[in-house]
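Trainee: Structure incoming, see below.
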Amino acid sequence: MPRGGKSVDAVNPALQLREPRTDRGRRTQRAILDAAAAEFGEKGFHESSIVSITIRAGVALGSFYTYFESKEALFTALVQDMSGRVRDHVAPVLTGHSGTVIEAEGAALKAFLEFARDHKEIYRIIDEAEFVAPDDWRAHYVNTAARILERLQAAHARGELAAEPDEAQAWAIMGMNVFLGLRFGVMDPAADLAEVARSANRMLQSGLGG
């Protein structure tokens, strides 16, 4: 069993997202995933149905089974997809950032807050994943924390951080980001996300003890 900050993959490859062979297939699969995100986000896993998802997606019921074996398989694939979309949304911000690692984490937080505001359904979906797709739920958080820890450790190796970062600090940063997204991305559509990120970043930069 994976432990600590080590990255893990979803452990059931049979339920992983299938890669379509054609552009049309990719568009159809994307439409089903987007419809599922909206459906599960509104109704939850148990109250949603394959029929309602395909109607929302505008695809034939038979097309669903070309890409997904069941509602459970779709939900699992959606958790993997949303986790990857968060990663891919934040990654360019980090890649293009020229400041310190703390400043980069602030920029990454702002990007995540923007994603959370645009995709509020992610909170309900990830929460339900603990019970519907527990391996993917765990992988989502473990891999996210592992990426944060890797960035902090690289910064320490460059001499940017005095103390060597540990797993607890990476999880603390991730936890802060998740709940800031909930409070200001989901609950408060008018919040200034740039200021929220700056405020949290000041805490990382200076700490609260001084």
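In the structure tokens, chains take letters A, B, ... by order of appearance, with residues numbered from 1 within each chain and ligands from 1 in the order shown.
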Find the residues of range 74-132 of chain A that sit at most 9 Å from range 44-66 of chain A; for each, write down the nearest two atoms and how far apart they are in Å, to one decimal. Count only C-alpha atoms. Sort by chain, then by number going up, and give it as CSV.

Mentor:
residue,atom,partner,partner_atom,distance
A:Phe75,CA,A:Phe45,CA,7.7
A:Arg124,CA,A:Gly44,CA,7.3
A:Ile125,CA,A:Gly44,CA,7.4
A:Glu128,CA,A:Phe45,CA,7.4
A:Val132,CA,A:Phe45,CA,8.1

Trainee: Fewer than 5 positions away in the same chain doesn't count, so skip those; otherwise give me all residues within 9 Å of Leu180 in chain A, counting only C-alpha atoms, as a list in words.

Mentor: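 Those residues are Leu109, Leu113, Gly175, Gly185, Val196, Ala197 and Ala200 of chain A.
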
Trainee: From the set A:Arg24, A:Glu19, A:Ala31, A:Gln80, which residue has the shortest atom-to-atom contact distance to Ala133 in chain A, counting only C-alpha atoms?

Mentor: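 Among the listed residues, the smallest separation from Ala133 in chain A belongs to A:Gln80.
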
Trainee: Determine which residues of range 5-162 of chain A DSSP labels as alpha helix (DSSP H) from the backbone of this structure, then write them out as an MDAnalysis selection string.

Mentor: chainID A and resid 23:43 50:57 61:67 71:95 101:118 121:132 134:157

Trainee: Would you mind telling me which residue in A:Ala139, A:Ala35, A:Met203, A:Leu193 lies nearest to Gly181 in chain A when using only C-alpha atoms?

Mentor: A:Leu193

Trainee: Have a look at CA of Thr100 in chain A and CA of Ala155 in chain A and let me know their distance in Å, one decimal.

Mentor: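 Those two atoms sit 8.1 Å apart.
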
Trainee: Of the candidates A:Ala163, A:Met82, A:Ala194, A:Leu204, which one gets nearest to Ala129 in chain A if we count only C-alpha atoms?

Mentor: A:Met82

Trainee: May I have the residues within 9 Å of Met174 in chain A as a CSV table (one decimal) with C-alpha atoms, in the first residue's frame, using only C-alpha atoms and disregarding those fewer than 4 positions away in the same chain?

Mentor:
chain,number,residue,atom,x,y,z
A,141,TYR,CA,-5.2,13.8,-2.7
A,144,THR,CA,-1.7,16.5,-5.3
A,145,ALA,CA,0.3,16.6,-2.0
A,148,ILE,CA,3.5,20.2,-3.7
A,169,GLN,CA,3.6,20.8,5.4
A,170,ALA,CA,2.6,19.7,1.9
A,178,VAL,CA,-9.0,23.1,-0.8
A,179,PHE,CA,-10.9,24.9,1.9

Trainee: Just give me the gap between CA of Pro165 in chain A and CA of Glu130 in chain A in Å, one decimal is fine.

Mentor: 27.6 Å

Trainee: For CA of Asn201 in chain A and CA of Glu167 in chain A, determine how far apart the two atoms are, in Å to one decimal place.

Mentor: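 So the answer is 18.7 Å.
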
Trainee: Of the candidates A:Arg198, A:His119, A:His156, A:Arg138, which shows the shortest atom-to-atom distance to Glu42 in chain A, using only C-alpha atoms?

Mentor: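 Smallest separation from Glu42 in chain A among the options: A:His119.
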
Trainee: Using only C-alpha atoms, which of A:Arg183, A:Thr95, A:Ala108, A:Val101 sits nearest Arg158 in chain A?

Mentor: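 Smallest separation from Arg158 in chain A among the options: A:Val101.
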
Trainee: Between A:Ile173, A:Leu152, A:Ala116, A:Ile32, single out the one closest to Val186 in chain A, counting only C-alpha atoms.

Mentor: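 Checking each candidate against Val186 in chain A, we get A:Ala116 as the closest.
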